[in-house]
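S.K.: Next up is a structure, given as structure tokens.
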Amino acid sequence: DGDGDQDYILGNLGANHRFTANDEYPMKLYAVDIDKNGFIDPLTTAFWKNDVGEMKEYPVNYLDELAAQSPFFRKMFTSYTKFSTTTMDEILKTDTIASDRKFYVNSTKSYVLWNTKGSFKWDELPNMLQISPIRKMLVRDFNGDGFQDILVTGNDYTYDVSTGYYDANKGMILLGKAGSSFDILQPAKSGLLLQGQVESLVYFEGDTSYLVSGINRQKAVVFQHIKN
């Protein structure tokens, strides 16, 4: 925002996913030794509606995944049907787990953290930027108007089959303006199309400038920056 101190863009998973994560219904991670063998068994949970519409806490992972982690689950559940309707409170007494063994996620959205003389304000990025994980960014005055712009990319192909690929981000540019605001330049306007899981961004500036992006399991892509 040009006021002399550092602001922050904080990339995150976004909001386009199957989980609920807010103050009332956070995602949780329990660090417990569930089968008493001396090793921590991390259990990730989230809230979904049960068959009568009540929000209840369930394991995120499926029974096969949990059983591969610990025989506790194979002994406890004799069918997938039983597992699918069993809440976390029925699996563990969650209220007896020490607070330093519980970790919470109350938001998966991406944010701007505005810094005003050491006083910070959180602003959610627009919905258009919440459609996929933001994993890589590049700050530069792309349009030469004196304000810093930000190229935002990401996507993530590392999740399990039940969750699927996060691949809706094709590369967008936040065009800086005076004050705490920006305009979003989509690929159709910028001519920049970054598909896939973006792992690196490098900008080479000279008489002819280039943007090079490394994309997982694909060839690197190169764009020439034509300045107006």
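Labeling convention for the structure tokens: chains A, B, ... as they appear, residues from 1 per chain, ligands from 1 in order of appearance.
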So that I can see what lies close to Asn16 in chain A, please list as a PyMOL selection string the residues with an atom at most 12 Å from it, counting only C-alpha atoms and leaving out residues fewer than 2 positions away in the same chain.
M.R.: chain A and resi 12-14+18-21+108-110+127-134+155+163-169
S.K.: Could you pull out the helix (DSSP H, G or I) residues of range 37-175 of chain A, going by DSSP on the backbone, and write them as a ChimeraX atom specification?
M.R.: /A:63-69,71-76,80-84,88-91,94-96,99-101,127-129
S.K.: Save out the residues we just selected, C-alpha atoms, as a tab-separated table (two decimals), in the first residue's frame.
M.R.:
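File result_23.tsv, as written:
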chain	number	residue	atom	x	y	z
A	63	LEU	CA	-10.66	-46.75	7.44
A	64	ASP	CA	-8.05	-48.40	5.18
A	65	GLU	CA	-5.67	-45.49	5.72
A	66	LEU	CA	-6.14	-45.49	9.48
A	67	ALA	CA	-5.85	-49.28	9.72
A	68	ALA	CA	-2.56	-49.11	7.82
A	69	GLN	CA	-1.33	-46.63	10.42
A	71	PRO	CA	-4.14	-51.99	14.13
A	72	PHE	CA	-6.33	-50.20	16.69
A	73	PHE	CA	-8.80	-49.27	13.96
A	74	ARG	CA	-9.00	-52.73	12.39
A	75	LYS	CA	-9.81	-54.19	15.81
A	76	MET	CA	-12.37	-51.51	16.61
A	80	TYR	CA	-16.94	-49.78	6.69
A	81	THR	CA	-20.58	-49.00	7.51
A	82	LYS	CA	-19.91	-48.88	11.23
A	83	PHE	CA	-16.84	-46.72	10.73
A	84	SER	CA	-18.70	-44.26	8.49
A	88	MET	CA	-14.54	-38.94	16.93
A	89	ASP	CA	-15.94	-38.78	20.46
A	90	GLU	CA	-16.87	-42.45	20.13
A	91	ILE	CA	-13.37	-43.36	18.94
A	94	THR	CA	-11.35	-36.11	23.04
A	95	ASP	CA	-12.07	-34.06	26.18
A	96	THR	CA	-9.35	-35.93	28.08
A	99	SER	CA	-4.34	-29.19	25.08
A	100	ASP	CA	-0.75	-29.38	23.82
A	101	ARG	CA	-1.77	-32.50	21.87
A	127	ASN	CA	-13.39	-15.32	-3.82
A	128	MET	CA	-11.72	-15.55	-7.22
A	129	LEU	CA	-8.42	-16.20	-5.39
S.K.: CA of Gln195 in chain A and CA of Val139 in chain A, how far apart in Å?
M.R.: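 Taking CA of Val139 in chain A as the start and CA of Gln195 in chain A as the end point, the length is 19.5 Å.
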S.K.: By how many Å are CA of Tyr111 in chain A and CA of Ala15 in chain A apart?
M.R.: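 Distance reported for this atom pair: 11.6 Å.
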